[in-house]
Structure formats: structure tokens, C-alpha cells
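A.B. asks: The structure's right below; bear with me while I get my questions together.
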Amino acid sequence: MASKSKFQAIRGTRDLLPPDTALWNRVEQTAHEVFSTYGFGEIRPPTFEPTELFARSIGVETDVVSKEMYSFLDAPDVSDLEEARDAVKQVNPGIGAAGKKDAFELYLHNFISEVEKGIATKQLNLSLKAQSDFGILKARYVELLGLPGSDDEDTNNKRRHLTFEIIIKTDLLKFGESVTLRPEATASVCRAYIEHNMQQLPQPVKLFYMGPMFRRERPQKGRYRQFYQIGAEILGGPDAPAIDAELIEMLMTFFEKCGLQGTELSINSIGHAADNCRRGYVAKLKAELEKVKDKLGTDSQRRIETNPLRVLDSKLEHEQPIIEKLPRIADHLCDECKTHYAAVKHELELRGVIYRENWRLVRGLDYYMRTTFEITAQGLGSQNAVCGGGRYDGLVELLGGPPTKGIGFAIGEDRLILSLQESGKGAAPQGRDVYIAWMGERAYATALRAAKNLRDAGFRVELPPVELKFGKALERASKLGSRFALILGDNEVADGQWTLKTLADGSQQKLSEQALLEYLHTQRAAS
Ligand code: ATP
Ligand code: MG
């Protein structure tokens with residue numbers, strides 16, 4: 001007998017359920033409304049993309065790419081190729097018998113040309129490993145063809161050997177493209193901008209998205225393996241400081257409309273990748289870090305080599321006083337970046353956006369530049385960042401597009417919802433406006449019609465699928481949080497006067513169908 005297994009959602013993933021989903025919907029609806037007033041349109045990119053897209057845009061050195069991505073080999077849809085492969089495997093060349101040699105070589109030739117055809121038509125995308133395996137396979141094939149036709153033992157042994165190796169290689173050759181469940185969506189938006197020639201639209205192009213992201217992280221409060229982001233990107237056009245400031249203004253307006261409490265906006269400028277700007281600063285930072293290396297933890301010690309800026313991210317208690325004494329980027333910005341940063345701050349002030357400067361807010365990648373920002377909110381413990389963002393003027397070009405300015409942010413929706421719930425802004429259970437307590441065949445027909453009409457008018461209606469005793473029906477009605485019970489029995493149907501019971505105080509009144517609808521409308525307007 002098959003054992004019963006209880007399925008559970010995979011670690012780090014979870015079901016979002018009512019009534020919480022009502023709050024999720026409200027937040028997403030608010031994003032749609034606020035972002036559209038700023039001229040943003042929604043983009044819905046796919047949830048998986050070529051691994052290479054993320055590796056290139058997020059950077060192979062980052063935690064996200066080096067250990068958090070869900071990647072898999074997606075087998076290509078090439079049945080001809082698999083048939084050709086099977087033919088090679090099945091011909092059983094009698095291991096070395098010269099007589100079977102022709103058929104084997106023919107099938108092998110066919111398989112090799114199918115692979116080459118796939119590559120030429122771009123249907124096949126061989127990984128580096130597969131390319132090298134295929135190269136070896138072809139070399140063995142050439143060797144096999146080069147063997148003399150004779151049947152002496154030496155040649156037969158060689159042929160047997162080669163054949164064996166070829167069959168194994170043919171079998172193991174993996175086709176397909178490495179794809180990854182998106183860990184974030186900025187790369188996809190930039191890919192789409194290039195793919196759809198959006199640089200030909202009026203610039204800048206303003207897009208927002210929302211949806212699930214995937215990262216293999218250690219699950220904890222506010223940190224999941226499938227989590228949700230709401231983000232926006234501005235691509236193309238100038239890098240005027242007003243663009244940065246308006247994007248941040250929009251973000252803070254959104255949080256305010258959601259009712260998020262205790263938000264704090266931190267901003268910084270990380271200059272640009274040039275010797276007289278960030279590169280010069282990083283060199284100084286590195287030199288200073290070398291001097292205090294022995295006092296740092298192993299992570300920070302490693303980062304001195306790989307990415308000195310990221311040492312500034314450290315949350316280790318004992319490193320804090322050391323980091324506080326390190327050189328600060330603001331003192332090393334070039335004139336243009338300094339001016340840009342000052343103008344962004346001024347533009348924020350003009351908009352009444354309150355910010356705090358945090359010189360340790362950095363991003364490790366070259367294409368990030370100038371403005372970076374982060375928003376924290378209350379009630380989240382140590383995972384208190386609800387949004388991160390910044391300018392990334394080099395990214396579109398890095399992905400093969402034209403030089404394009406870019407800036408964007410990503411909000412952690414799970415954390416936003418958590419914070420709203422912690423501060424009592426959670427959603428109330430759904431409830432019903434009207435519970436229809438019907439009794440008898442004739443009343444049932446009327447109940448069906450009443451339910452349809454009330455629902456058409458936008459009321460939340462519960463219609464029990466089977467007849468219930470009166471007391472039982474009222475009990476259900478109140479358990480579901482209904483405001484009214486509409487009582488329909490033979491008398492009500494015969495008189496055309498329906499009974500409406502207000503559950504809060506138990507009062508009852510008789511109303512015609514038309515009067516009932518009007519009454520419910522006035523009650524809804526008053527509440
Ligand atoms: P953190 O430092 O918290 O790991 P991050 O720098 O990895 O954040 P970003 O890549 O900038 O985060 O993503 C933007 C936002 O997405 C974060 O501020 C956070 O609110 C949210 N976020 C990131 N990873 C997760 C996760 N695993 N679970 C839930 N929310 C997340
Ligand atoms: Mg992270």
C-alpha cells in the first residue's frame with residue numbers, strides 16, 4: 001500500500017491566504033494608482049530568463065548570483081536531434097566488427113550534423129561543457145573515419161575503443177540552456193527595453209512591475225525563498241536630478257497611501273566609475289582597510305580583495321568603530337557627481353521629502369552610480385529594509401543595448417505587508433452583507449434570483465446550497481460575519497414582502513424587493 005504523505009509548502013515558500021490577501025490586493029491596487037499618476041505603465045516580464053542575464057547584470061561576485069539562484073538546464077525542443085542520438089546508441093555496431101561500421105558511421109554523421117544544424121539555427125544553445133564534449137565527439141569521429149578498413153586485431157581494438165567512447169559521449173552530451181527563476185526584475189526590464197526597441201519611444205520610458213522573485217536564502221522573518229517585489233524603473237532620457245527626486249517622491253507617496261508607519265529614507269551618492277571619482281575612493285578605502293585588516297572579521301577581510309565597498313555593509317558590532325573612521329565617499333566625488341548629489345538633495349527638499357544621508361549605503365557593481373537609497377520601516381526586526389534603489393546608467397549598455405540612463409527601486413512587498421500588519425493596518429475578515437436564509441422549493445427560486453440581483457449590485461451574498469433550519473441558518477450567518485439575514489419562506493414569497501433581519505440588534509423589517517435594494521444601498525452608503 002502506498003504510504004500516505006502529507007504535502008507541505010517548500011521551505012521558504014508560503015501560501016498567502018484570506019483575509020491577508022485582501023491587504024496584498026489593496027497594496028497592489030495602491031501601487032497601480034499612485035504609479036500611474038506619475039506616468040508609469042505596467043510591465044509583466046517572464047518569471048524565468050537565461051541565467052546569463054542575471055549573472056551579467058547582478059554580477060557573478062554577488063551572493064545572489066553565486067549562491068542564491070534557482071537555476072536549471074532547460075532541455076531544448078528538438079525531437080529530430082533526440083532521434084538521431086537514439087539511432088547512434090541503438091545501432092550496436094557489434095563493437096568493432098567492420099561489417100557494421102558503415103551504419104554506425106552514418107548514424108553518427110547524421111547526429112553530428114543535426115547538432116550543428118541546431119547551433120546554426122540557434123535552436124540549440126550549448127553550455128561551455130557541452131561545447132567541449134561535442135568537440136571531443138567530433139574529433140573521435142574523425143579518428144574513426146581515419147582508421148584503415150582492415151580487420152586486423154589492432155585496428156579492431158582501436159575501433160572498439162573509439163566506438164565505445166563515442167557512444168558514451170553521445171549519451172552524456174547535454175543540450176539546453178541554463179535558465180534561472182528571477183531573483184529580481186531590473187535585468188528583465190532592461191532586457192525588454194532593448195528587445196522591444198523602447199529607445200524609439202518618447203524618453204524616458206517609465207515602467208513598474210510586481211510579482212514573485214526567488215532566492216535560495218536562509219528563511220526567517222521577512223526573508224523567504226519566494227518573495228514578492230513591487231518595483232519601478234525609469235529608462236532613457238537625461239540623468240537630471242529631478243528624475244531621481246521624483247522617483248523617490250513617488251515611492252514615499254506610495255508608502256504614505258499604504259499607511260506604512262515609521263518610514264525612514266536614507267540616501268547617498270556613490271559617484272561614478274572613474275579614477276577621479278569612485279575608483280580613486282575605492283583605492284584609498286582599500287589602502288585604509290589593509291591597515292586595519294587584522295581587526296576585521298573573515299568576511300570583511302575577504303571583501304578587501306573582492307569588493308572593498310561592501311565592507312561598509314557590515315553589521316558586525318566590533319567592526320563598527322573601525323568602519324566609522326574609514327574615508328567617506330562624499331569627500332572623493334568628482335565635481336559633476338558632487339553637483340548632481342547636491343541637486344538631488346535640493347530637489348527632494350523642494351518636494352518636501354524628508355531624508356537622511358548615509359555614507360555607508362553602497363552598491364558593489366560598476367554600473368551603479370550616483371544616487372542610492374533605501375527605506376526602512378518599523379516592526380520588522382533586523383530585516384527592516386522595505387525598499388532599495390539606485391541609479392544604474394551603465395546597465396542597458398552592459399546587456400547589449402544603446403547607452404541609456406536608468407534608475408529604479410524594488411520594494412519588498414512581504415516586508416511592507418508585515419509592517420502594515422504589525423502596526424494594526426491588517427485586513428479585516430471578509431464577512432458578508434447578506435446571508436439568505438431560504439426555506440422551501442418556491443422560496444429557493446426566489447432566493448436564487450435575489451442572490452443574483454444583490455451580487456449584481458455589488459453586495460457580498462451568501463446563499464446556502466442546501467435548505468437549513470431557521471436557527472441553523474442564522475447561526476451560520478453570524479459566524480460568517482454577515483450584516484443582514486434575508487429571510488425567504490413561503491409567506492414572504494406569497495406576499496412579496498421579504499423579511500430582513502439586522503444581526504447586530506436582532507431587529508426585523510418587511511420590505512418589497514425594490515425597497516430592500518434601496519435600503520441596502522442607503523445602509524452601505526452610511527457605513
Ligand atoms: P537584504 O539586505 O535584506 O538581503 P537585498 O539588498 O538583498 O536586501 P534587494 O535586492 O535590494 O535586497 O531587494 C529589494 C528589497 O526586496 C529589499 O529591501 C527587501 O525588502 C526585499 N527582499 C530581498 N530579499 C528578500 C527575501 N529573501 N525575502 C523577502 N524580501 C526580500
Ligand atoms: Mg539579500
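To be explicit about the labels: the chains of the C-alpha cells are called A, B, and onward in the order shown, and within each one the residues are counted from 1, while ligands get numbers from 1 in the order they are shown.
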Sorted by chain and rising residue number, which residues of chain A lie within 7 Å of ligand 1, and what are their closest atom pairs and distances in Å to one decimal, counting only C-alpha atoms and all ligand atoms, as a tab-separated table?
C.D. replies:
residue	atom	partner	partner_atom_place_in_ligand_line	distance
A:Glu184	CA	ligand 1	10 (O)	6.8
A:Arg215	CA	ligand 1	27 (N)	5.9
A:Glu217	CA	ligand 1	27 (N)	6.0
A:Gly222	CA	ligand 1	29 (C)	5.1
A:Arg223	CA	ligand 1	28 (N)	3.4
A:Tyr224	CA	ligand 1	28 (N)	4.1
A:Arg225	CA	ligand 1	27 (N)	5.5
A:Gln226	CA	ligand 1	28 (N)	6.9
A:Phe227	CA	ligand 1	29 (C)	4.9
A:Tyr228	CA	ligand 1	30 (N)	6.7
A:Gln229	CA	ligand 1	16 (O)	6.0
A:Gln383	CA	ligand 1	3 (O)	5.5
A:Ala385	CA	ligand 1	18 (O)	4.5
A:Val386	CA	ligand 1	20 (O)	3.7
A:Cys387	CA	ligand 1	18 (O)	3.9
A:Gly388	CA	ligand 1	11 (O)	4.5
A:Gly389	CA	ligand 1	11 (O)	6.6
A:Ala410	CA	ligand 1	14 (C)	4.7
A:Ile411	CA	ligand 1	15 (C)	4.9
A:Gly412	CA	ligand 1	20 (O)	3.3
A:Glu413	CA	ligand 1	20 (O)	6.8
A:Asp414	CA	ligand 1	29 (C)	5.9
A:Arg415	CA	ligand 1	20 (O)	5.8
A.B. asks: Give the strand (DSSP E) residues of region 186-433 of chain A, as DSSP finds them on the backbone, and put them as an NGL selection string.
C.D. replies: :A and (205-214 or 226-235 or 264-269 or 356-357 or 369-376 or 385-391 or 406-412 or 432-433)
A.B. asks: Considering only C-alpha atoms, can you say which of A:Asn453, A:Thr155, A:Asn197, A:Ser178 comes closest to Pro76 (chain A)?
C.D. replies: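 Answer, going by the shortest atom-to-atom distance: A:Ser178.
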A.B. asks: Got a sec: who's within 8 Å of region 266-278 of chain A, counting only C-alpha atoms, leaving out chain neighbours fewer than 6 positions off, as a list in words?
C.D. replies: Ile329, Ala330, His332, Leu333, Cys334, Cys337, Lys338, Tyr341, Tyr355, Arg356, Glu357, Asn358, Trp359, Arg360, Leu361, Val362, Arg363, Asp366, Tyr367, Tyr368, Met369, Arg370, Thr371, Thr372, Phe373, Glu374 and Ile375 of chain A
A.B. asks: Counting only C-alpha atoms and all ligand atoms, which of A:Asp102, A:Glu42, A:Glu441, A:Asp313 gets nearest to ligand 2?
C.D. replies: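 So, comparing all the options, the nearest one is A:Asp313.
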A.B. asks: Can you list, as a PyMOL selection string, every protein, DNA or RNA residue that comes within 10 Å of Glu513 (chain A) when you count only C-alpha atoms, leaving out same-chain residues fewer than 6 positions away?
C.D. replies: chain A and resi 450+453+496-499+519
A.B. asks: Please, what distance in Å, to one decimal, runs between CA of Glu492 (chain A) and CA of Leu517 (chain A)?
C.D. replies: 15.7 Å
A.B. asks: Would you please work out which residue, of A:Asp15, A:Glu397, A:Glu68, A:Glu105, is nearest to ligand 2 when using only C-alpha atoms and all ligand atoms?
C.D. replies: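 Using only C-alpha atoms and all ligand atoms, the shortest distance to ligand 2 belongs to A:Glu68.
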A.B. asks: Check which residues of region 227-304 of chain A sit at most 12 Å from region 401-407 of chain A using only C-alpha atoms, and return one row each with the closest pair of atoms and their distance in Å to one decimal, ordered by chain and rising number, as a tab-separated table.
C.D. replies:
residue	atom	partner	partner_atom	distance
A:Gly231	CA	A:Ile407	CA	10.9
A:Ala232	CA	A:Ile407	CA	8.5
A:Glu233	CA	A:Ile407	CA	5.7
A:Ile234	CA	A:Ile407	CA	5.4
A:Leu235	CA	A:Gly406	CA	4.5
A:Gly236	CA	A:Lys405	CA	5.0
A:Gly237	CA	A:Lys405	CA	6.6
A:Pro238	CA	A:Lys405	CA	6.7
A:Asp239	CA	A:Lys405	CA	6.3
A:Ala240	CA	A:Lys405	CA	9.9
A:Pro241	CA	A:Ile407	CA	10.9
A:Ala242	CA	A:Ile407	CA	11.8
A:Ile243	CA	A:Ile407	CA	8.5
A:Asp244	CA	A:Ile407	CA	7.2
A:Ala245	CA	A:Ile407	CA	10.7
A:Glu246	CA	A:Ile407	CA	11.1
A:Leu247	CA	A:Ile407	CA	8.4
A:Ile248	CA	A:Ile407	CA	10.3
A.B. asks: Once you have the residues from the selection above, write them out as a compact mmCIF listing (two decimals), in the first residue's frame, restricted to all heavy atoms.
C.D. replies:
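Everything below was put into result-v6.txt:
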# COMPACT_ATOMS: atom_id res chain seq x y z
N GLY A 231 8.27 47.03 -8.08
CA GLY A 231 9.40 47.88 -8.46
C GLY A 231 9.06 48.79 -9.61
O GLY A 231 8.05 48.62 -10.29
N ALA A 232 9.92 49.77 -9.82
CA ALA A 232 9.72 50.69 -10.94
C ALA A 232 11.09 51.08 -11.50
O ALA A 232 12.08 51.10 -10.76
CB ALA A 232 8.97 51.93 -10.48
N GLU A 233 11.12 51.33 -12.80
CA GLU A 233 12.37 51.72 -13.45
C GLU A 233 12.09 52.88 -14.41
O GLU A 233 11.04 52.92 -15.05
CB GLU A 233 12.96 50.57 -14.29
CG GLU A 233 12.88 49.17 -13.67
CD GLU A 233 13.89 48.92 -12.55
OE1 GLU A 233 14.80 49.76 -12.36
OE2 GLU A 233 13.74 47.89 -11.87
N ILE A 234 13.05 53.81 -14.48
CA ILE A 234 12.97 54.88 -15.47
C ILE A 234 14.16 54.71 -16.41
O ILE A 234 15.31 54.77 -15.96
CB ILE A 234 13.03 56.28 -14.80
CG1 ILE A 234 11.88 56.42 -13.81
CG2 ILE A 234 12.98 57.38 -15.86
CD1 ILE A 234 11.87 57.78 -13.10
N LEU A 235 13.90 54.46 -17.67
CA LEU A 235 14.99 54.19 -18.62
C LEU A 235 15.00 55.22 -19.74
O LEU A 235 13.95 55.58 -20.28
CB LEU A 235 14.82 52.79 -19.21
CG LEU A 235 15.02 51.64 -18.21
CD1 LEU A 235 14.51 50.33 -18.78
CD2 LEU A 235 16.49 51.53 -17.85
N GLY A 236 16.21 55.65 -20.10
CA GLY A 236 16.35 56.62 -21.19
C GLY A 236 16.20 58.04 -20.69
O GLY A 236 15.95 58.28 -19.51
N GLY A 237 16.36 59.00 -21.60
CA GLY A 237 16.25 60.40 -21.22
C GLY A 237 17.48 60.87 -20.49
O GLY A 237 18.50 60.18 -20.45
N PRO A 238 17.41 62.05 -19.88
CA PRO A 238 18.59 62.60 -19.21
C PRO A 238 18.75 62.00 -17.81
O PRO A 238 17.90 61.23 -17.38
CB PRO A 238 18.24 64.08 -19.10
CG PRO A 238 16.75 64.11 -18.99
CD PRO A 238 16.25 62.94 -19.78
N ASP A 239 19.85 62.37 -17.14
CA ASP A 239 20.01 61.93 -15.74
C ASP A 239 19.77 63.11 -14.81
O ASP A 239 20.40 63.24 -13.77
CB ASP A 239 21.38 61.30 -15.52
CG ASP A 239 22.51 62.27 -15.82
OD1 ASP A 239 22.21 63.41 -16.27
OD2 ASP A 239 23.68 61.92 -15.60
N ALA A 240 18.83 63.98 -15.20
CA ALA A 240 18.54 65.17 -14.40
C ALA A 240 18.19 64.77 -12.96
O ALA A 240 17.45 63.81 -12.76
CB ALA A 240 17.37 65.94 -15.02
N PRO A 241 18.74 65.50 -11.98
CA PRO A 241 18.48 65.17 -10.58
C PRO A 241 16.98 65.13 -10.24
O PRO A 241 16.56 64.40 -9.35
CB PRO A 241 19.16 66.31 -9.81
CG PRO A 241 20.21 66.81 -10.75
CD PRO A 241 19.69 66.61 -12.13
N ALA A 242 16.17 65.90 -10.99
CA ALA A 242 14.74 65.91 -10.72
C ALA A 242 14.12 64.53 -10.98
O ALA A 242 13.11 64.17 -10.38
CB ALA A 242 14.04 66.95 -11.60
N ILE A 243 14.74 63.75 -11.87
CA ILE A 243 14.22 62.41 -12.14
C ILE A 243 14.41 61.53 -10.91
O ILE A 243 13.49 60.84 -10.46
CB ILE A 243 14.92 61.79 -13.37
CG1 ILE A 243 14.46 62.56 -14.62
CG2 ILE A 243 14.65 60.31 -13.48
CD1 ILE A 243 14.98 62.01 -15.92
N ASP A 244 15.60 61.59 -10.33
CA ASP A 244 15.87 60.81 -9.11
C ASP A 244 14.90 61.21 -8.01
O ASP A 244 14.32 60.37 -7.33
CB ASP A 244 17.31 61.05 -8.61
CG ASP A 244 18.36 60.80 -9.70
OD1 ASP A 244 18.12 61.19 -10.86
OD2 ASP A 244 19.41 60.24 -9.37
N ALA A 245 14.74 62.53 -7.87
CA ALA A 245 13.91 63.03 -6.77
C ALA A 245 12.44 62.69 -6.97
O ALA A 245 11.74 62.33 -6.03
CB ALA A 245 14.09 64.54 -6.62
N GLU A 246 11.97 62.79 -8.21
CA GLU A 246 10.55 62.48 -8.44
C GLU A 246 10.26 61.00 -8.20
O GLU A 246 9.22 60.64 -7.65
CB GLU A 246 10.12 62.87 -9.86
CG GLU A 246 8.59 62.87 -9.97
CD GLU A 246 8.07 63.18 -11.35
OE1 GLU A 246 8.19 62.33 -12.25
OE2 GLU A 246 7.53 64.29 -11.53
N LEU A 247 11.21 60.15 -8.58
CA LEU A 247 11.03 58.71 -8.34
C LEU A 247 10.91 58.44 -6.83
O LEU A 247 10.05 57.68 -6.38
CB LEU A 247 12.21 57.93 -8.92
CG LEU A 247 12.10 56.41 -8.83
CD1 LEU A 247 11.09 55.88 -9.84
CD2 LEU A 247 13.46 55.74 -9.07
N ILE A 248 11.77 59.10 -6.05
CA ILE A 248 11.74 58.90 -4.61
C ILE A 248 10.46 59.49 -4.01
O ILE A 248 9.84 58.90 -3.13
CB ILE A 248 13.01 59.50 -3.96
CG1 ILE A 248 14.25 58.73 -4.45
CG2 ILE A 248 12.92 59.47 -2.44
CD1 ILE A 248 15.58 59.32 -4.02
A.B. asks: List the spatial neighbours of Gly39 (chain A) as a ChimeraX atom specification - criterion: any atom at most 9 Å away, only C-alpha atoms, same-chain residues fewer than 2 positions off excluded.
C.D. replies: /A:35-37,41,206-207
A.B. asks: Calculate how many Å separate CA of Lys158 (chain A) from CA of Phe134 (chain A), rounding to one decimal.
C.D. replies: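 About the pair CA of Lys158 (chain A) and CA of Phe134 (chain A): they are 20.3 Å apart.
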A.B. asks: Going by DSSP on the backbone, which bits of region 337-434 of chain A are alpha helix (DSSP H)? Write them as a list in words, please.
C.D. replies: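 Selection result, alpha helix (DSSP H) within region 337-434 of chain A: Cys337, Lys338, Thr339, His340, Tyr341, Ala342, Ala343, Val344, Lys345, His346, Glu347, Leu348, Glu349, Leu350, Leu395, Val396, Glu397, Leu398, Glu413, Asp414, Arg415, Leu416, Ile417, Leu418, Ser419, Leu420, Gln421 and Glu422 of chain A.
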A.B. asks: Only C-alpha atoms, please: the residues just picked out, written as a PDB file, in the first residue's frame.
C.D. replies:
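Saved the output as again_11.pdb:
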ATOM      1  CA  CYS A 337      28.840  63.857  -9.228  1.00  0.00           C
ATOM      2  CA  LYS A 338      29.092  66.265  -6.296  1.00  0.00           C
ATOM      3  CA  THR A 339      26.866  68.756  -8.129  1.00  0.00           C
ATOM      4  CA  HIS A 340      24.402  66.029  -9.067  1.00  0.00           C
ATOM      5  CA  TYR A 341      24.144  64.817  -5.485  1.00  0.00           C
ATOM      6  CA  ALA A 342      23.616  68.325  -4.122  1.00  0.00           C
ATOM      7  CA  ALA A 343      20.906  68.905  -6.727  1.00  0.00           C
ATOM      8  CA  VAL A 344      19.114  65.648  -5.866  1.00  0.00           C
ATOM      9  CA  LYS A 345      19.008  66.718  -2.207  1.00  0.00           C
ATOM     10  CA  HIS A 346      17.748  70.149  -3.194  1.00  0.00           C
ATOM     11  CA  GLU A 347      15.055  68.601  -5.408  1.00  0.00           C
ATOM     12  CA  LEU A 348      13.954  66.373  -2.540  1.00  0.00           C
ATOM     13  CA  GLU A 349      13.677  69.404  -0.277  1.00  0.00           C
ATOM     14  CA  LEU A 350      11.590  71.244  -2.882  1.00  0.00           C
ATOM     15  CA  LEU A 395      23.289  48.515 -17.252  1.00  0.00           C
ATOM     16  CA  VAL A 396      21.384  48.648 -20.535  1.00  0.00           C
ATOM     17  CA  GLU A 397      24.647  49.008 -22.430  1.00  0.00           C
ATOM     18  CA  LEU A 398      26.173  46.132 -20.474  1.00  0.00           C
ATOM     19  CA  GLU A 413       6.158  43.514  -0.598  1.00  0.00           C
ATOM     20  CA  ASP A 414       6.233  40.772   2.059  1.00  0.00           C
ATOM     21  CA  ARG A 415       8.022  43.115   4.454  1.00  0.00           C
ATOM     22  CA  LEU A 416       5.734  46.012   3.589  1.00  0.00           C
ATOM     23  CA  ILE A 417       2.702  43.838   4.429  1.00  0.00           C
ATOM     24  CA  LEU A 418       4.331  42.571   7.640  1.00  0.00           C
ATOM     25  CA  SER A 419       4.989  46.109   8.784  1.00  0.00           C
ATOM     26  CA  LEU A 420       1.411  47.176   7.998  1.00  0.00           C
ATOM     27  CA  GLN A 421       0.069  44.222   9.970  1.00  0.00           C
ATOM     28  CA  GLU A 422       2.379  44.907  12.915  1.00  0.00           C
TER      29      GLU A 422
END
A.B. asks: Can you pull out every residue within 10 Å of region 296-307 of chain A, counting only C-alpha atoms, but drop anything in the same chain fewer than 6 positions away, and send it as a ChimeraX atom specification?
C.D. replies: /A:61-62,282,285-290,313-314,316,318-320,322-323,363-365
A.B. asks: Name the closest residue to ligand 2 among the candidates A:Lys425, A:Arg44, A:Lys472, A:Lys67; distances are taken between atoms, counting only C-alpha atoms and all ligand atoms.
C.D. replies: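 Of all the options, A:Lys67 lies closest to ligand 2.
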A.B. asks: Skip Leu463 (chain A) itself and residues of its chain fewer than 6 positions away, then list as number ranges by chain all residues within 9 Å of it, counting only C-alpha atoms.
C.D. replies: A: 434-438, 447-448, 451
A.B. asks: From the options A:Pro465, A:Gly135, A:Pro46, A:Gly381, which residue's atoms come nearest to Pro212 (chain A), counting only C-alpha atoms?
C.D. replies: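 Ranked by minimum distance to Pro212 (chain A), first place goes to A:Pro46.
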